Each structure stands twice: as C-alpha cells, then as structure tokens.
$ cat protein.tsv   # TSV, C-alpha atoms
chain	number	residue	atom	x	y	z
Z	1	GLU	CA	16.64	-6.95	7.56
Z	2	GLY	CA	14.00	-7.21	10.27
Z	3	LYS	CA	12.01	-9.90	8.45
Z	4	ALA	CA	11.23	-13.43	9.57
Z	5	PRO	CA	12.65	-16.19	7.33
Z	6	LEU	CA	10.32	-15.73	4.33
Z	7	VAL	CA	10.46	-17.74	1.11
Z	8	LEU	CA	12.19	-15.58	-1.48
Z	9	LEU	CA	10.37	-15.81	-4.84
Z	10	GLY	CA	12.29	-13.03	-6.58
Z	11	GLU	CA	15.07	-10.56	-5.86
Z	12	ARG	CA	14.46	-7.97	-8.57
Z	13	PRO	CA	11.85	-6.88	-7.67
Z	14	THR	CA	11.73	-8.16	-4.11
Z	15	VAL	CA	9.01	-10.80	-3.76
Z	16	ALA	CA	8.77	-13.07	-0.71
Z	17	GLU	CA	5.99	-15.13	0.81
Z	18	THR	CA	5.31	-16.14	4.36
Z	19	PRO	CA	5.55	-19.87	5.10
Z	20	GLU	CA	2.08	-21.14	6.01
Z	21	PHE	CA	3.14	-22.30	9.48
Z	22	MET	CA	3.92	-18.65	10.33
Z	23	LEU	CA	0.40	-17.43	9.45
Z	24	ASP	CA	-1.22	-18.13	12.81
Z	25	ASP	CA	-1.29	-14.65	14.36
Z	26	GLU	CA	-4.59	-12.82	14.71
Z	27	VAL	CA	-2.71	-9.71	13.58
Z	28	THR	CA	0.26	-10.43	11.33
Z	29	PRO	CA	3.47	-8.82	12.64
Z	30	ALA	CA	5.23	-6.73	9.99
Z	31	ALA	CA	8.21	-9.08	10.22
Z	32	LYS	CA	6.02	-11.94	8.97
Z	33	MET	CA	4.17	-10.06	6.22
Z	34	PHE	CA	4.72	-11.12	2.64
Z	35	VAL	CA	6.55	-8.71	0.32
Z	36	ARG	CA	5.39	-7.92	-3.22
Z	37	ASN	CA	7.11	-5.10	-5.04
Z	38	ASN	CA	6.85	-4.15	-8.70
Z	39	GLY	CA	9.78	-1.77	-8.78
Z	40	GLY	CA	12.84	-1.21	-6.68
Z	41	VAL	CA	12.62	-0.29	-3.03
Z	42	PRO	CA	12.79	3.50	-2.80
Z	43	ASP	CA	15.26	5.28	-0.59
Z	44	ALA	CA	13.89	6.05	2.84
Z	45	PRO	CA	12.81	9.69	3.08
Z	46	ALA	CA	15.14	11.76	5.25
Z	47	ASP	CA	12.12	13.10	7.12
Z	48	PRO	CA	9.19	10.62	6.88
Z	49	ARG	CA	6.83	12.98	8.72
Z	50	GLY	CA	7.67	15.73	6.22
Z	51	TRP	CA	7.06	13.51	3.16
Z	52	LYS	CA	4.10	14.93	1.23
Z	53	LEU	CA	1.12	13.41	-0.52
Z	54	ARG	CA	-0.27	15.38	-3.44
Z	55	ILE	CA	-3.88	15.16	-4.62
Z	56	GLU	CA	-4.48	16.84	-7.96
Z	57	GLY	CA	-6.40	16.34	-11.18
Z	58	GLU	CA	-10.19	16.22	-10.98
Z	59	VAL	CA	-10.32	18.42	-7.87
Z	60	GLU	CA	-11.11	22.11	-7.35
Z	61	ARG	CA	-8.41	22.65	-4.69
Z	62	PRO	CA	-5.26	20.56	-5.21
Z	63	LEU	CA	-4.03	19.36	-1.84
Z	64	GLU	CA	-0.49	18.74	-0.69
Z	65	ILE	CA	-0.21	17.41	2.84
Z	66	ALA	CA	2.68	16.08	4.91
Z	67	VAL	CA	2.53	12.78	6.77
Z	68	GLY	CA	3.00	14.71	10.03
Z	69	GLU	CA	-0.11	16.76	9.25
Z	70	LEU	CA	-2.10	13.58	8.60
Z	71	GLU	CA	-0.93	12.18	11.95
Z	72	GLY	CA	-1.72	15.48	13.69
Z	73	GLY	CA	-5.50	15.14	13.66
Z	74	ARG	CA	-6.61	17.52	10.91
Z	75	PHE	CA	-8.66	14.56	9.71
Z	76	PRO	CA	-10.19	11.82	11.89
Z	77	LEU	CA	-7.75	8.96	12.50
Z	78	VAL	CA	-9.06	5.49	11.69
Z	79	THR	CA	-7.67	2.03	12.45
Z	80	ARG	CA	-8.89	-1.01	10.55
Z	81	ARG	CA	-7.82	-4.63	10.72
Z	82	LEU	CA	-7.60	-5.52	7.05
Z	83	GLN	CA	-6.57	-8.60	5.14
Z	84	LEU	CA	-4.14	-8.01	2.30
Z	85	GLU	CA	-3.66	-10.70	-0.34
Z	86	CYS	CA	-1.49	-10.82	-3.44
Z	87	GLY	CA	-3.53	-11.44	-6.59
Z	88	GLY	CA	-1.16	-14.33	-7.40
Z	89	ASN	CA	-1.60	-16.10	-4.08
Z	90	GLY	CA	-1.91	-19.85	-4.75
Z	91	ARG	CA	-0.62	-19.53	-8.33
Z	92	SER	CA	1.81	-22.46	-7.90
Z	93	PHE	CA	-1.18	-24.82	-7.67
Z	94	PHE	CA	-2.59	-23.89	-11.11
Z	95	ALA	CA	-2.65	-26.50	-13.87
Z	96	PRO	CA	-1.54	-25.65	-16.42
Z	97	GLU	CA	1.15	-23.53	-14.77
Z	98	ALA	CA	0.42	-19.79	-14.84
Z	99	ARG	CA	3.02	-17.15	-15.60
Z	100	GLY	CA	4.39	-15.01	-12.80
Z	101	ASN	CA	5.76	-15.62	-9.34
Z	102	GLN	CA	4.86	-19.11	-8.17
Z	103	TRP	CA	3.15	-18.22	-4.90
Z	104	GLY	CA	2.08	-20.91	-2.47
Z	105	ASN	CA	-0.48	-19.81	0.13
Z	106	GLY	CA	1.78	-17.26	1.87
Z	107	GLY	CA	0.84	-14.11	-0.04
Z	108	VAL	CA	-1.64	-13.04	2.61
Z	109	SER	CA	-1.55	-11.05	5.86
Z	110	CYS	CA	-3.86	-9.31	8.29
Z	111	GLY	CA	-2.51	-6.06	9.70
Z	112	GLU	CA	-3.94	-3.18	11.68
Z	113	TRP	CA	-3.62	-0.13	9.47
Z	114	THR	CA	-3.99	3.39	10.87
Z	115	GLY	CA	-4.45	6.49	8.79
Z	116	VAL	CA	-7.13	8.78	7.44
Z	117	ARG	CA	-10.00	8.09	5.09
Z	118	LEU	CA	-9.17	8.81	1.47
Z	119	ALA	CA	-12.71	10.21	1.18
Z	120	ASP	CA	-11.88	12.94	3.74
Z	121	LEU	CA	-8.82	13.97	1.70
Z	122	LEU	CA	-10.81	14.00	-1.54
Z	123	ARG	CA	-13.55	16.10	0.07
Z	124	ALA	CA	-10.91	18.58	1.36
Z	125	ALA	CA	-9.58	18.85	-2.21
Z	126	ALA	CA	-13.16	19.34	-3.48
Z	127	LEU	CA	-13.48	16.35	-5.77
Z	128	ARG	CA	-15.19	17.29	-9.02
Z	129	GLU	CA	-18.54	15.70	-9.78
Z	130	GLY	CA	-17.30	14.16	-13.03
Z	131	ALA	CA	-14.37	12.31	-11.43
Z	132	LYS	CA	-14.54	8.57	-12.17
Z	133	LEU	CA	-11.19	7.04	-11.14
Z	134	THR	CA	-8.18	7.72	-8.96
Z	135	GLY	CA	-4.59	7.26	-10.07
Z	136	HIS	CA	-1.90	6.37	-7.52
Z	137	PHE	CA	1.81	6.74	-8.14
Z	138	GLY	CA	4.40	5.54	-5.65
Z	139	ALA	CA	8.05	6.40	-5.11
Z	140	ASP	CA	9.24	2.95	-6.23
Z	141	PRO	CA	11.93	3.36	-8.87
Z	142	HIS	CA	11.38	1.52	-12.17
Z	143	LEU	CA	13.60	-1.58	-12.44
Z	144	SER	CA	15.25	-0.13	-15.55
Z	145	GLY	CA	16.60	2.77	-13.48
Z	146	ASP	CA	14.92	5.24	-15.87
Z	147	PRO	CA	13.49	8.01	-13.61
Z	148	SER	CA	10.94	8.98	-16.28
Z	149	ARG	CA	9.21	5.57	-16.03
Z	150	GLN	CA	6.77	4.60	-13.29
Z	151	ALA	CA	7.28	1.22	-11.61
Z	152	LEU	CA	3.56	0.84	-11.05
Z	153	SER	CA	0.43	2.93	-11.15
Z	154	ARG	CA	-2.82	1.75	-9.64
Z	155	GLY	CA	-6.13	3.39	-9.04
Z	156	MET	CA	-9.70	2.65	-8.15
Z	157	ARG	CA	-13.24	3.70	-8.91
Z	158	ILE	CA	-14.29	6.88	-7.08
Z	159	GLU	CA	-17.02	4.89	-5.30
Z	160	LYS	CA	-14.33	2.70	-3.69
Z	161	ALA	CA	-12.15	5.73	-2.91
Z	162	MET	CA	-15.10	7.30	-1.06
Z	163	ASP	CA	-15.79	4.16	1.01
Z	164	GLU	CA	-15.27	4.74	4.74
Z	165	ASN	CA	-12.86	1.78	4.92
Z	166	THR	CA	-10.49	3.04	2.20
Z	167	LEU	CA	-7.54	4.51	4.05
Z	168	VAL	CA	-4.33	6.38	3.39
Z	169	ALA	CA	-2.33	4.63	6.08
Z	170	PHE	CA	0.82	5.75	7.89
Z	171	ARG	CA	0.94	3.10	10.63
Z	172	LEU	CA	0.99	-0.68	10.54
Z	173	ASN	CA	0.26	-2.46	13.81
Z	174	GLY	CA	0.80	0.81	15.69
Z	175	GLU	CA	4.24	1.53	14.23
Z	176	PRO	CA	5.39	3.56	11.22
Z	177	ILE	CA	4.98	1.47	8.07
Z	178	PRO	CA	8.25	-0.27	7.13
Z	179	LEU	CA	9.88	0.75	3.86
Z	180	LEU	CA	9.31	-2.70	2.33
Z	181	HIS	CA	5.58	-2.27	2.97
Z	182	GLY	CA	5.08	1.19	1.49
Z	183	ALA	CA	6.48	3.76	3.94
Z	184	PRO	CA	5.77	6.45	4.64
Z	185	LEU	CA	2.18	6.16	3.28
Z	186	ARG	CA	0.23	3.27	1.86
$ encode --input "protein.tsv" --output "structure tokens"
Amino acid sequence: EGKAPLVLLGERPTVAETPEFMLDDEVTPAAKMFVRNNGGVPDAPADPRGWKLRIEGEVERPLEIAVGELEGGRFPLVTRRLQLECGGNGRSFFAPEARGNQWGNGGVSCGEWTGVRLADLLRAAALREGAKLTGHFGADPHLSGDPSRQALSRGMRIEKAMDENTLVAFRLNGEPIPLLHGAPLR
C-alpha cells in the first residue's frame, strides 16, 4: 500500500525493485523506493515517537533514547541526500547466473534522510577506547516466526560509525520513515 507499481522479486521476505523508467527523480519519493527486507515486516509501533533505541556494550554509559527525544534537538539534526543501493543490484545480468534475487537495475534510490549523527550518540554513551565494531539489530521478525532468532544483524567499523555522514535517521524526504523502509529509525 502506498507504493508505485514496483517489480516484485519476492514475497517472503518482501523484495521489490523500481522499474528503471521511474528512477528519474533527483530525490526518490518513498513510493518509488525499492524494498529489500531480510525478515518479516515488523508491526508498526503504537507510539513511533516513544519507540526507543538502546546503545550498550562497549560504552561506559548505556543509552536508551526515544525517537521523540532524537527529534527534539538534544543532538544536532542533520539532513543528507544519500544514495542507497542493494548489494545485489544488477545481479540478473551476471553470467553465469548468481544466486539470490535477480535484480535488474532498480535496487537503487536517492533519498533525503534526516536524523542525528551516530557519532554523537556514541559519544553521549561514552564509547570505550577498545571498541572496534558496532552491532545493529532491527525489529524485523525472523521468517521462521521464532522470536529468539534475529532476521538480520549488521554492523560497521567504529571509524565508519564515527563519520559525520553516518546517521540514525527518523525522516525520509521530510516525512516519518515508512514501515517498509525501516520505521521508526534507520
């Protein structure tokens, strides 16, 4: 619902690419953005602004902060126009054929993401000197339905996490991020 007519590559998990002729906007509208999920789509939080992000592990002061607090200006707000591309974009052109979803060229978008710098959050939590990597866990349910299994966990090197362009975003093109694109935080 609310999406342009994308090319459905998979239903479980939801994977859909944008037809190339629809990729002509300077800023891609959310309705035209490709969809790449690894797990199921989580239920929408009853109170998106009350949904909380937790930073723990290699920090001195674990931090739990609500989306509403992030929006409220405790940390500087940043907007960046950023290209997002699926790692499998163009896979259908490989010879020999590669495993996975057979993406054409539509696994790419360019949105305006607004949020706070991850570095500011890590500094507020007093990141320990020996920290090397982050670990990110989303609310996506595992396709098996087993609540003890994570659908996906990603992370990054601390150097990338501390980059001024690495954001924890809560808006896409000036609006709350749609559920299919990671709401309430990405």
$ closest_atom_pairs --input "protein.tsv" --of "region 71-136 of chain Z" --to "region 150-171 of chain Z" --cutoff "8 Å" --atoms "only C-alpha atoms" --output "tab-separated table"
residue	atom	partner	partner_atom	distance
Z:Glu71	CA	Z:Phe170	CA	7.8
Z:Val78	CA	Z:Leu167	CA	7.9
Z:Arg80	CA	Z:Asn165	CA	7.4
Z:Trp113	CA	Z:Arg171	CA	5.7
Z:Thr114	CA	Z:Arg171	CA	4.9
Z:Gly115	CA	Z:Ala169	CA	3.9
Z:Val116	CA	Z:Leu167	CA	5.5
Z:Arg117	CA	Z:Leu167	CA	4.5
Z:Leu118	CA	Z:Leu167	CA	5.3
Z:Ala119	CA	Z:Met162	CA	4.4
Z:Leu122	CA	Z:Met162	CA	8.0
Z:Ala131	CA	Z:Ile158	CA	7.0
Z:Lys132	CA	Z:Ile158	CA	5.4
Z:Leu133	CA	Z:Arg157	CA	4.5
Z:Thr134	CA	Z:Gly155	CA	4.8
Z:Gly135	CA	Z:Gly155	CA	4.3
Z:His136	CA	Z:Arg154	CA	5.2
$ residues_around --input "protein.tsv" --residues "Glu69 (chain Z)" --least-positions-apart "4" --cutoff "10 Å" --atoms "all atoms listed in the file" --output "ChimeraX atom specification"
/Z:49-52,65,73-75
$ write_last_selection --input "protein.tsv" --atoms "C-alpha atoms" --output "PDB file, in the frame of the given file"
ATOM      1  CA  ARG Z  49       6.830  12.980   8.720  1.00  0.00           C
ATOM      2  CA  GLY Z  50       7.670  15.730   6.220  1.00  0.00           C
ATOM      3  CA  TRP Z  51       7.060  13.510   3.160  1.00  0.00           C
ATOM      4  CA  LYS Z  52       4.100  14.930   1.230  1.00  0.00           C
ATOM      5  CA  ILE Z  65      -0.210  17.410   2.840  1.00  0.00           C
ATOM      6  CA  GLY Z  73      -5.500  15.140  13.660  1.00  0.00           C
ATOM      7  CA  ARG Z  74      -6.610  17.520  10.910  1.00  0.00           C
ATOM      8  CA  PHE Z  75      -8.660  14.560   9.710  1.00  0.00           C
TER       9      PHE Z  75
END
$ axis_aligned_box --input "protein.tsv" --around "region 19-27 of chain Z" --padding-each-side "4 Å" --output "AutoDock Vina command-line options"
--center_x 0.5 --center_y -16.0 --center_z 9.9 --size_x 18.1 --size_y 20.6 --size_z 17.6
$ closest_residue --input "protein.tsv" --among "Z:Pro45, Z:Pro5, Z:Pro62, Z:Gly145" --to "Ala183 (chain Z)" --atoms "all atoms listed in the file"
Z:Pro45
$ atom_distance --input "protein.tsv" --atom1 "CA of Ser92 (chain Z)" --atom2 "CA of Pro178 (chain Z)"
27.6 Å
$ atom_distance --input "protein.tsv" --atom1 "CA of Leu172 (chain Z)" --atom2 "CA of Asn38 (chain Z)"
20.4 Å
$ atom_distance --input "protein.tsv" --atom1 "CA of Ile177 (chain Z)" --atom2 "CA of Asn89 (chain Z)"
22.4 Å
$ closest_residue --input "protein.tsv" --among "Z:Arg186, Z:Arg123, Z:Lys32, Z:Arg91" --to "Ser109 (chain Z)" --atoms "all atoms listed in the file"
Z:Lys32
$ closest_residue --input "protein.tsv" --among "Z:Leu179, Z:Val41, Z:Leu121, Z:Val59" --to "Pro13 (chain Z)" --atoms "only C-alpha atoms"
Z:Val41
$ closest_atom_pairs --input "protein.tsv" --of "region 103-183 of chain Z" --to "region 93-97 of chain Z" --cutoff "12 Å" --atoms "all atoms listed in the file" --output "Markdown table"
| residue | atom | partner | partner_atom | distance |
| --- | --- | --- | --- | --- |
| Z:Trp103 | CA | Z:Phe93 | CA | 8.4 |
| Z:Gly104 | CA | Z:Phe93 | CA | 7.3 |
| Z:Asn105 | CA | Z:Phe93 | CA | 9.3 |
$ closest_residue --input "protein.tsv" --among "Z:Asp120, Z:Glu129, Z:Asp43, Z:Asp146" --to "Ile55 (chain Z)" --atoms "all atoms listed in the file"
Z:Asp120
$ closest_residue --input "protein.tsv" --among "Z:Ala139, Z:Pro147, Z:Gly174, Z:Asn37" --to "Leu53 (chain Z)" --atoms "only C-alpha atoms"
Z:Ala139
$ closest_residue --input "protein.tsv" --among "Z:Glu112, Z:Glu1, Z:Leu143, Z:Val15" --to "Cys86 (chain Z)" --atoms "all atoms listed in the file"
Z:Val15
$ decode --input "protein.tsv" --residues "region 108-119 of chain Z" --atoms "all heavy atoms" --output "compact mmCIF listing (two decimals), in the first residue's frame"
# COMPACT_ATOMS: atom_id res chain seq x y z
N VAL Z 108 18.10 0.74 -6.39
CA VAL Z 108 18.85 1.95 -6.06
C VAL Z 108 17.86 3.09 -5.82
O VAL Z 108 16.77 3.11 -6.41
CB VAL Z 108 19.85 2.30 -7.19
CG1 VAL Z 108 19.14 2.62 -8.48
CG2 VAL Z 108 20.80 3.40 -6.79
N SER Z 109 18.21 4.01 -4.93
CA SER Z 109 17.37 5.18 -4.68
C SER Z 109 18.26 6.29 -4.13
O SER Z 109 19.39 6.05 -3.72
CB SER Z 109 16.25 4.85 -3.69
OG SER Z 109 16.79 4.49 -2.44
N CYS Z 110 17.72 7.48 -4.10
CA CYS Z 110 18.42 8.63 -3.53
C CYS Z 110 17.42 9.43 -2.72
O CYS Z 110 16.59 10.14 -3.27
CB CYS Z 110 19.03 9.50 -4.64
SG CYS Z 110 19.97 10.89 -3.96
N GLY Z 111 17.47 9.25 -1.41
CA GLY Z 111 16.53 9.94 -0.53
C GLY Z 111 17.22 10.98 0.31
O GLY Z 111 18.45 11.01 0.42
N GLU Z 112 16.42 11.85 0.90
CA GLU Z 112 16.93 12.82 1.87
C GLU Z 112 16.58 12.28 3.25
O GLU Z 112 15.42 12.20 3.62
CB GLU Z 112 16.32 14.21 1.65
CG GLU Z 112 16.92 14.89 0.45
CD GLU Z 112 16.49 16.34 0.29
OE1 GLU Z 112 15.60 16.81 1.03
OE2 GLU Z 112 17.05 17.00 -0.60
N TRP Z 113 17.62 11.90 3.97
CA TRP Z 113 17.48 11.28 5.28
C TRP Z 113 17.81 12.31 6.35
O TRP Z 113 18.83 13.00 6.27
CB TRP Z 113 18.43 10.09 5.40
CG TRP Z 113 18.16 9.04 4.37
CD1 TRP Z 113 18.71 8.94 3.12
CD2 TRP Z 113 17.26 7.94 4.48
NE1 TRP Z 113 18.21 7.84 2.47
CE2 TRP Z 113 17.31 7.20 3.28
CE3 TRP Z 113 16.41 7.49 5.50
CZ2 TRP Z 113 16.56 6.06 3.06
CZ3 TRP Z 113 15.65 6.35 5.29
CH2 TRP Z 113 15.73 5.65 4.07
N THR Z 114 16.93 12.42 7.35
CA THR Z 114 17.14 13.35 8.46
C THR Z 114 17.21 12.55 9.75
O THR Z 114 16.40 11.65 9.98
CB THR Z 114 15.99 14.38 8.55
OG1 THR Z 114 15.96 15.12 7.33
CG2 THR Z 114 16.18 15.32 9.73
N GLY Z 115 18.18 12.92 10.57
CA GLY Z 115 18.33 12.25 11.86
C GLY Z 115 19.45 12.91 12.64
O GLY Z 115 19.71 14.11 12.51
N VAL Z 116 20.13 12.10 13.43
CA VAL Z 116 21.27 12.57 14.22
C VAL Z 116 22.48 11.73 13.85
O VAL Z 116 22.35 10.60 13.35
CB VAL Z 116 20.98 12.49 15.73
CG1 VAL Z 116 19.80 13.37 16.10
CG2 VAL Z 116 20.77 11.06 16.19
N ARG Z 117 23.65 12.27 14.08
CA ARG Z 117 24.88 11.53 13.81
C ARG Z 117 25.02 10.39 14.82
O ARG Z 117 24.87 10.60 16.02
CB ARG Z 117 26.09 12.44 13.89
CG ARG Z 117 26.18 13.45 12.78
CD ARG Z 117 27.44 14.33 12.94
NE ARG Z 117 27.48 15.29 11.88
CZ ARG Z 117 26.97 16.53 11.97
NH1 ARG Z 117 26.40 16.93 13.09
NH2 ARG Z 117 27.05 17.35 10.94
N LEU Z 118 25.32 9.21 14.32
CA LEU Z 118 25.59 8.08 15.21
C LEU Z 118 26.76 8.42 16.13
O LEU Z 118 26.76 8.06 17.31
CB LEU Z 118 25.88 6.82 14.39
CG LEU Z 118 26.24 5.56 15.19
CD1 LEU Z 118 25.18 5.22 16.23
CD2 LEU Z 118 26.47 4.40 14.22
N ALA Z 119 27.73 9.16 15.63
CA ALA Z 119 28.90 9.54 16.45
C ALA Z 119 28.46 10.33 17.69
O ALA Z 119 29.02 10.12 18.77
CB ALA Z 119 29.88 10.37 15.62
